[in-house]
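File shown: model-v6.txt (compact mmCIF, C-alpha atoms).
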```txt
# COMPACT_ATOMS: atom_id res chain seq x y z
CA ILE A 15 22.70 50.30 -13.74
CA PRO A 16 20.63 47.22 -12.82
CA GLN A 17 22.11 43.84 -12.08
CA PRO A 18 21.23 41.02 -14.50
CA ASP A 19 18.05 39.11 -13.71
CA PHE A 20 18.66 35.48 -12.73
CA SER A 21 16.23 32.55 -13.05
CA GLN A 22 16.17 28.81 -13.59
CA ALA A 23 13.67 26.28 -14.93
CA PHE A 24 13.35 22.55 -15.53
CA ALA A 25 12.36 21.70 -19.12
CA THR A 26 9.82 19.09 -18.03
CA ASP A 27 7.86 18.97 -14.77
CA PRO A 28 6.89 16.48 -13.44
CA ILE A 29 9.24 13.64 -14.37
CA THR A 30 9.59 10.09 -13.04
CA THR A 31 12.27 8.46 -10.91
CA GLY A 32 15.34 7.68 -13.02
CA GLU A 33 14.47 10.17 -15.74
CA THR A 34 16.78 12.93 -16.96
CA VAL A 35 15.66 16.53 -17.45
CA THR A 36 17.37 19.68 -18.71
CA LEU A 37 17.91 22.41 -16.11
CA THR A 38 18.40 25.87 -17.63
CA PHE A 39 19.75 28.98 -15.90
CA THR A 40 18.86 32.28 -17.58
CA ILE A 41 20.92 35.45 -17.04
CA ASP A 42 19.06 38.45 -18.44
CA ASN A 43 21.07 41.61 -19.04
CA SER A 44 18.56 43.10 -21.47
CA ASN A 45 17.74 46.07 -19.24
CA SER A 46 21.35 47.15 -18.79
CA PRO A 47 23.36 49.58 -20.93
CA ALA A 48 26.58 47.95 -19.70
CA ASP A 49 28.19 44.59 -20.24
CA ALA A 50 27.98 42.16 -17.30
CA THR A 51 31.38 40.62 -16.66
CA ALA A 52 32.88 38.33 -14.01
CA LEU A 53 29.57 36.48 -13.85
CA ALA A 54 29.69 33.68 -11.29
CA PHE A 55 27.37 31.39 -9.34
CA THR A 56 27.30 27.91 -7.81
CA ASN A 57 24.34 25.55 -7.56
CA THR A 58 24.46 22.57 -5.19
CA LEU A 59 21.63 20.27 -6.29
CA PRO A 60 19.28 18.88 -3.63
CA ALA A 61 19.87 15.29 -2.52
CA GLY A 62 18.18 12.99 -5.04
CA LEU A 63 19.30 14.97 -8.10
CA VAL A 64 22.68 14.50 -9.81
CA ILE A 65 24.27 15.74 -13.00
CA ALA A 66 23.44 13.34 -15.82
CA ASN A 67 25.89 11.29 -17.83
CA PRO A 68 26.39 12.86 -20.29
CA ALA A 69 25.81 16.31 -18.76
CA ASN A 70 25.10 17.92 -22.17
CA VAL A 71 26.31 21.33 -21.02
CA VAL A 72 25.26 24.22 -23.30
CA ASN A 73 26.52 27.68 -22.32
CA THR A 74 26.12 31.07 -24.02
CA ALA A 75 27.41 33.11 -21.06
CA GLY A 76 31.10 32.41 -21.71
CA GLY A 77 33.49 31.81 -18.85
CA THR A 78 34.04 28.39 -17.32
CA VAL A 79 31.33 25.89 -16.46
CA THR A 80 31.95 23.01 -14.06
CA ALA A 81 29.36 20.20 -14.11
CA VAL A 82 30.80 16.75 -13.57
CA ALA A 83 28.54 13.78 -14.33
CA GLY A 84 27.36 12.04 -11.16
CA SER A 85 28.14 15.02 -8.92
CA ASP A 86 25.70 17.50 -7.37
CA SER A 87 27.44 20.79 -8.21
CA ILE A 88 27.04 23.18 -11.15
CA SER A 89 29.09 26.38 -11.32
CA LEU A 90 29.88 29.25 -13.64
CA SER A 91 32.85 31.58 -13.30
CA ALA A 92 34.15 34.55 -15.31
CA GLY A 93 31.11 34.73 -17.57
CA THR A 94 30.29 37.74 -19.76
CA ILE A 95 27.05 39.01 -21.29
CA THR A 96 26.91 42.07 -23.48
CA ALA A 97 24.64 44.99 -22.73
CA GLY A 98 21.00 44.43 -23.70
CA SER A 99 21.31 40.67 -24.17
CA THR A 100 20.47 37.40 -22.43
CA ALA A 101 22.47 34.20 -21.95
CA THR A 102 21.64 30.70 -20.79
CA LEU A 103 23.47 27.79 -19.24
CA SER A 104 21.79 24.37 -19.46
CA VAL A 105 22.81 21.08 -17.85
CA ASP A 106 21.02 17.71 -17.82
CA VAL A 107 20.25 16.28 -14.38
CA THR A 108 18.92 12.87 -13.36
CA ALA A 109 16.45 12.17 -10.55
CA ASN A 110 17.53 9.19 -8.43
CA SER A 111 14.62 9.40 -6.00
CA SER A 112 11.07 10.72 -5.90
CA GLY A 113 9.59 13.78 -4.21
CA ASP A 114 9.39 17.55 -4.60
CA PHE A 115 12.87 19.02 -5.11
CA ASN A 116 13.38 22.74 -4.52
CA ASN A 117 16.62 23.74 -6.23
CA ILE A 118 18.11 27.03 -5.00
CA THR A 119 21.36 28.45 -6.36
CA GLY A 120 23.89 30.60 -4.59
CA ASP A 121 23.97 34.30 -5.47
CA LEU A 122 24.82 35.32 -9.04
CA THR A 123 27.49 38.00 -8.85
CA SER A 124 29.08 40.20 -11.51
CA ASN A 125 30.70 43.58 -12.01
CA LEU A 126 27.16 45.00 -11.94
CA GLY A 127 26.47 43.68 -8.44
CA ASN A 128 24.59 40.86 -6.75
CA SER A 129 21.63 39.42 -8.65
CA GLY A 130 20.60 37.12 -5.79
CA THR A 131 19.57 33.50 -6.07
CA ALA A 132 17.42 31.57 -8.55
CA SER A 133 15.07 28.75 -7.59
CA ALA A 134 12.81 26.17 -9.23
CA THR A 135 10.89 23.16 -7.97
CA LEU A 136 10.83 19.79 -9.71
CA ARG A 137 8.28 17.09 -8.99
CA VAL A 138 9.61 13.56 -9.41
CA ASN A 139 6.87 10.93 -9.36
CA PRO A 140 7.62 7.42 -8.11
CA PRO A 141 6.52 4.30 -9.96
CA PRO A 142 3.34 2.79 -8.47
CA GLY A 143 3.64 0.56 -5.42
CA PHE A 144 2.99 -3.10 -6.17
CA SER A 145 1.89 -5.80 -3.74
CA LYS A 146 -0.20 -8.95 -3.57
CA ALA A 147 -2.05 -10.91 -0.90
CA PHE A 148 -4.12 -14.07 -0.47
CA ALA A 149 -7.52 -13.40 1.12
CA THR A 150 -7.20 -16.42 3.45
CA ASP A 151 -4.01 -17.96 4.80
CA PRO A 152 -3.69 -20.86 5.51
CA ILE A 153 -6.09 -22.87 3.40
CA ALA A 154 -6.61 -26.61 2.96
CA GLN A 155 -5.42 -28.61 -0.03
CA GLY A 156 -8.06 -28.46 -2.77
CA GLU A 157 -9.52 -25.17 -1.53
CA THR A 158 -9.90 -22.00 -3.58
CA VAL A 159 -8.68 -18.59 -2.40
CA THR A 160 -8.79 -15.07 -3.86
CA LEU A 161 -5.41 -13.64 -4.88
CA THR A 162 -5.40 -9.82 -5.04
CA PHE A 163 -2.78 -7.61 -6.69
CA THR A 164 -2.71 -3.98 -5.51
CA ILE A 165 -1.24 -1.18 -7.63
CA ASP A 166 -0.84 2.00 -5.57
CA ASN A 167 -0.43 5.29 -7.45
CA SER A 168 -1.46 7.44 -4.49
CA ASN A 169 1.94 9.15 -4.17
CA SER A 170 2.02 10.34 -7.78
CA THR A 171 0.70 13.52 -9.37
CA ALA A 172 0.60 11.81 -12.77
CA ASP A 173 -1.56 9.02 -14.16
CA ALA A 174 0.14 5.63 -14.50
CA THR A 175 -0.48 4.23 -17.97
CA ALA A 176 0.66 1.18 -19.94
CA LEU A 177 0.57 -0.87 -16.72
CA ALA A 178 1.64 -4.45 -17.34
CA PHE A 179 2.80 -7.52 -15.43
CA ASN A 180 2.76 -11.30 -15.65
CA ASN A 181 2.44 -13.80 -12.82
CA SER A 182 3.37 -17.42 -13.49
CA LEU A 183 1.84 -19.31 -10.58
CA PRO A 184 3.85 -21.97 -8.74
CA ALA A 185 3.15 -25.54 -9.83
CA SER A 186 0.83 -26.15 -6.86
CA LEU A 187 -1.58 -23.34 -7.82
CA VAL A 188 -3.88 -22.94 -10.81
CA VAL A 189 -6.46 -20.36 -11.82
CA ALA A 190 -9.79 -21.51 -10.38
CA ASP A 191 -12.90 -22.41 -12.35
CA PRO A 192 -14.56 -19.95 -12.36
CA ALA A 193 -11.70 -17.44 -12.08
CA ASN A 194 -13.98 -14.65 -10.73
CA ILE A 195 -11.78 -11.87 -12.11
CA ALA A 196 -12.34 -8.39 -10.64
CA ASN A 197 -10.23 -5.56 -12.07
CA THR A 198 -10.21 -1.80 -11.41
CA ALA A 199 -6.93 -1.12 -13.25
CA GLY A 200 -8.40 -1.19 -16.74
CA GLY A 201 -6.52 -2.76 -19.61
CA THR A 202 -6.69 -6.45 -20.47
CA VAL A 203 -6.54 -9.28 -17.94
CA THR A 204 -5.71 -12.82 -18.98
CA ALA A 205 -6.44 -15.56 -16.44
CA THR A 206 -7.77 -18.77 -17.97
CA ALA A 207 -9.24 -21.38 -15.61
CA GLY A 208 -6.95 -24.34 -15.08
CA THR A 209 -3.80 -22.53 -16.23
CA GLY A 210 -0.89 -21.20 -14.20
CA SER A 211 -0.72 -17.69 -15.62
CA ILE A 212 -2.25 -14.31 -14.71
CA SER A 213 -1.39 -11.17 -16.67
CA LEU A 214 -2.37 -7.52 -17.07
CA SER A 215 -1.56 -5.29 -20.04
CA GLY A 216 -2.53 -1.75 -21.00
CA GLY A 217 -3.75 -0.79 -17.54
CA THR A 218 -4.29 2.78 -16.32
CA ILE A 219 -4.58 4.28 -12.84
CA THR A 220 -5.28 7.97 -12.28
CA ALA A 221 -2.96 10.13 -10.21
CA GLY A 222 -3.43 9.77 -6.46
CA SER A 223 -5.44 6.56 -6.64
CA THR A 224 -5.13 2.80 -6.15
CA ALA A 225 -6.41 -0.12 -8.19
CA THR A 226 -6.72 -3.86 -7.62
CA LEU A 227 -6.89 -7.01 -9.70
CA SER A 228 -8.21 -10.17 -8.05
CA VAL A 229 -8.36 -13.73 -9.36
CA ASP A 230 -9.43 -16.93 -7.61
CA VAL A 231 -6.80 -19.69 -7.50
CA THR A 232 -7.02 -23.32 -6.37
CA ALA A 233 -4.31 -25.17 -4.40
CA ASN A 234 -3.76 -28.69 -5.73
CA ASN A 235 -0.89 -29.58 -3.40
CA SER A 236 0.06 -28.80 0.18
CA GLY A 237 3.05 -26.88 1.51
CA ASP A 238 4.34 -23.31 1.81
CA ILE A 239 3.82 -21.86 -1.66
CA THR A 240 5.71 -18.66 -2.50
CA ASN A 241 4.28 -16.75 -5.44
CA THR A 242 6.40 -14.02 -7.07
CA THR A 243 5.30 -11.96 -10.06
CA ASP A 244 7.38 -10.55 -12.86
CA GLU A 245 8.06 -6.81 -12.67
CA LEU A 246 5.21 -4.32 -12.95
CA THR A 247 6.04 -1.72 -15.60
CA SER A 248 4.33 1.50 -16.63
CA ASP A 249 5.09 4.91 -18.11
CA LEU A 250 6.14 5.92 -14.58
CA GLY A 251 8.90 3.29 -14.46
CA ASN A 252 9.59 -0.14 -13.04
CA SER A 253 7.74 -1.01 -9.82
CA GLY A 254 9.57 -4.31 -9.32
CA THR A 255 7.98 -7.60 -8.33
CA ALA A 256 5.36 -8.57 -5.76
CA THR A 257 5.69 -11.64 -3.53
CA ASN A 258 3.48 -13.46 -1.06
CA THR A 259 3.49 -16.93 0.54
CA LEU A 260 0.44 -19.13 1.02
CA ARG A 261 0.34 -22.02 3.49
CA VAL A 262 -1.67 -24.97 2.16
CA ASN A 263 -2.40 -27.60 4.79
CA PRO A 264 -2.82 -31.23 3.68
CA GLN A 265 -6.09 -33.07 4.18
CA PRO A 266 -6.03 -35.26 7.33
CA GLY A 267 -4.75 -38.80 6.77
CA PHE A 268 -7.43 -41.49 7.31
CA SER A 269 -6.91 -45.21 7.83
CA LYS A 270 -8.22 -48.18 9.82
CA ALA A 271 -6.81 -51.45 11.09
CA PHE A 272 -7.91 -54.63 12.97
CA ALA A 273 -5.83 -55.37 16.06
CA SER A 274 -5.58 -59.07 15.12
CA ASP A 275 -5.76 -60.74 11.78
CA PRO A 276 -6.74 -63.54 11.32
CA ILE A 277 -9.10 -64.40 14.16
CA ALA A 278 -11.33 -67.42 14.85
CA GLN A 279 -15.04 -67.49 14.24
CA GLY A 280 -16.84 -65.98 17.24
CA GLU A 281 -13.77 -64.06 18.45
CA THR A 282 -13.84 -60.33 19.13
CA VAL A 283 -11.30 -57.96 17.64
CA THR A 284 -10.65 -54.25 18.02
CA LEU A 285 -11.11 -52.09 14.88
CA THR A 286 -9.22 -48.79 15.07
CA PHE A 287 -9.71 -45.77 12.82
```

Transcribe the structure of this file into structure tokens.
Amino acid sequence: IPQPDFSQAFATDPITTGETVTLTFTIDNSNSPADATALAFTNTLPAGLVIANPANVVNTAGGTVTAVAGSDSISLSAGTITAGSTATLSVDVTANSSGDFNNITGDLTSNLGNSGTASATLRVNPPPGFSKAFATDPIAQGETVTLTFTIDNSNSTADATALAFNNSLPASLVVADPANIANTAGGTVTATAGTGSISLSGGTITAGSTATLSVDVTANNSGDITNTTDELTSDLGNSGTATNTLRVNPQPGFSKAFASDPIAQGETVTLTF
């Protein structure tokens, strides 16, 4: 009499960081003329995966299922499957970090013997990396500099779509005239000369690639100017903000003075600049 076959699968693969996916264990007793009783196994999830809240446990194998939201352990004990039939146990799990997660159970045991382990791999894609940089730092007051935003999707196996962010420039910076926009992220860029706003909407970056958006800005005042964007969002999640600081040096002060004032006709006086 054969032992039940044992397998597992994630309902969706890949997913993104923070997403929840259903994990289903299948116990197949269809090739056996005998009932499988005392079915039991334990699955300790790999670090980065936890049982979702709610866990949405669905079990047709009977027995007792333990799957506590927020924990990393799923177990079945005292399950039963009739001869010639198949049962499933499904639990929702949430991915708290990105990477390739190989989930391997302990052995499934029953009165029919040891069915061995079941394994499945889940790919969890991170949201794109998001950064920005000024092409030249420092610059002088009144100068124009190129500000480049970089969106890095190189660690993902999925395209990043619906990319969007807004950057309200600090009061000392404005979009230059001309703005000299250069964009490889697709979508729509808004950056009107003389304003303090740069935005992207509807952008797309293919899996494994990087895109940039650059706009020229002019510094109207001096000082250390910290520029922080709003969050970059996409179908792959929230990438957070991007920040960079630009040093704007003031123009040199310029004055002159006579050493003595007044003087008499014919006198000599020193003029200092």

Report as a JSON list (two decimals) with C-alpha atoms, keeping the file's coordinate frame all protein, DNA and RNA residues lying within 10 Å of Leu136 (chain A), evaluated on only C-alpha atoms, omitting residues in the same chain fewer than 4 positions from it.
```
[["chain", "number", "residue", "atom", "x", "y", "z"],
["A", 23, "ALA", "CA", 13.67, 26.28, -14.93],
["A", 24, "PHE", "CA", 13.35, 22.55, -15.53],
["A", 25, "ALA", "CA", 12.36, 21.70, -19.12],
["A", 26, "THR", "CA", 9.82, 19.09, -18.03],
["A", 27, "ASP", "CA", 7.86, 18.97, -14.77],
["A", 28, "PRO", "CA", 6.89, 16.48, -13.44],
["A", 29, "ILE", "CA", 9.24, 13.64, -14.37],
["A", 35, "VAL", "CA", 15.66, 16.53, -17.45],
["A", 37, "LEU", "CA", 17.91, 22.41, -16.11],
["A", 63, "LEU", "CA", 19.30, 14.97, -8.10],
["A", 109, "ALA", "CA", 16.45, 12.17, -10.55],
["A", 112, "SER", "CA", 11.07, 10.72, -5.90],
["A", 113, "GLY", "CA", 9.59, 13.78, -4.21],
["A", 114, "ASP", "CA", 9.39, 17.55, -4.60],
["A", 115, "PHE", "CA", 12.87, 19.02, -5.11],
["A", 116, "ASN", "CA", 13.38, 22.74, -4.52],
["A", 117, "ASN", "CA", 16.62, 23.74, -6.23]]
```

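Reported to one decimal place, the separation of CA of Arg137 (chain A) from CA of Ala256 (chain A) is 26.0 Å.
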
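In this comparison, which uses only C-alpha atoms, the residue of A:Asn57, A:Ser46, A:Ser248, A:Thr160 approaching Ala190 (chain A) most closely is A:Thr160.
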
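Reported to one decimal place, the separation of CA of Thr102 (chain A) from CA of Thr40 (chain A) is 4.5 Å.
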
Record the distance separating CA of Asn235 (chain A) and CA of Leu260 (chain A), expressed in Å with one decimal.
11.4 Å

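Residues within 7 Å of region 31-33 of chain A, counting all atoms listed in the file and excluding same-chain residues fewer than 5 positions away, are A:Thr108, A:Ala109, A:Asn110, A:Ser111, A:Ser112, A:Val138, A:Asn139, A:Pro140.
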
Give me the residues near Asp238 (chain A) as JSON, numbers by chain, where near means some atom within 8 Å (using only C-alpha atoms) and where sequence neighbours in that chain fewer than 6 positions away do not count.
{"A": [259, 260, 261, 262]}

Write a file of the selected residues as a short mmCIF file (atom, residue, chain, number, x, y, z; two decimals), in the frame of the given file, keeping C-alpha atoms.
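In the end it all went to out14.cif:
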```cif
data_model
loop_
_atom_site.label_atom_id
_atom_site.label_comp_id
_atom_site.auth_asym_id
_atom_site.auth_seq_id
_atom_site.Cartn_x
_atom_site.Cartn_y
_atom_site.Cartn_z
CA THR A 259 3.49 -16.93 0.54
CA LEU A 260 0.44 -19.13 1.02
CA ARG A 261 0.34 -22.02 3.49
CA VAL A 262 -1.67 -24.97 2.16
#
```

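Residues within 10 Å of Pro142 (chain A), counting only C-alpha atoms and excluding same-chain residues fewer than 6 positions away, are A:Thr164, A:Ile165, A:Asp166, A:Asn167, A:Ser168, A:Asn169, A:Ser170, A:Asp173, A:Ala174, A:Leu177, A:Ile219, A:Ala221, A:Gly222, A:Ser223, A:Thr224, A:Leu246, A:Thr247, A:Ser248, A:Leu250, A:Gly251, A:Asn252, A:Ser253, A:Gly254.
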
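Ranking A:Asn125, A:Ser213, A:Asn67, A:Ser89 by their shortest atom-to-atom distance to Gln17 (chain A), with all atoms listed in the file included, puts A:Asn125 first.
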
With a distance cut-off of 8 Å and all atoms listed in the file, select the neighbouring residues of Gly216 (chain A), excluding the residue or stretch itself and same-chain residues fewer than 5 positions from it, and output the selection as a PyMOL selection string.
chain A and resi 175-178+200-202

Which residue, A:Leu227, A:Ala92, A:Ala172, A:Ala54, has the smallest gap to Asn194 (chain A) when you use all atoms listed in the file?
A:Leu227

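Ranking A:Ser228, A:Thr257, A:Asn181, A:Thr171 by their shortest atom-to-atom distance to Ala193 (chain A), with only C-alpha atoms included, puts A:Ser228 first.
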
Smallest atom-to-atom distance to Leu53 (chain A): which of A:Gly93, A:Pro16, A:Gly77, A:Pro184, using all atoms listed in the file?
A:Gly93

Output, as lines of an AutoDock Vina configuration file, the centre and edge lengths in Å (one decimal) of the axis-aligned box that contains all listed atoms of region 141-158 of chain A with 6 Å of margin on each side.
```
center_x = -1.7
center_y = -12.2
center_z = -2.2
size_x = 28.4
size_y = 44.9
size_z = 27.5
```

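Distance check against Thr96 (chain A) using only C-alpha atoms: of A:Thr131, A:Phe39, A:Asn45, A:Val231, the minimum falls on A:Asn45.
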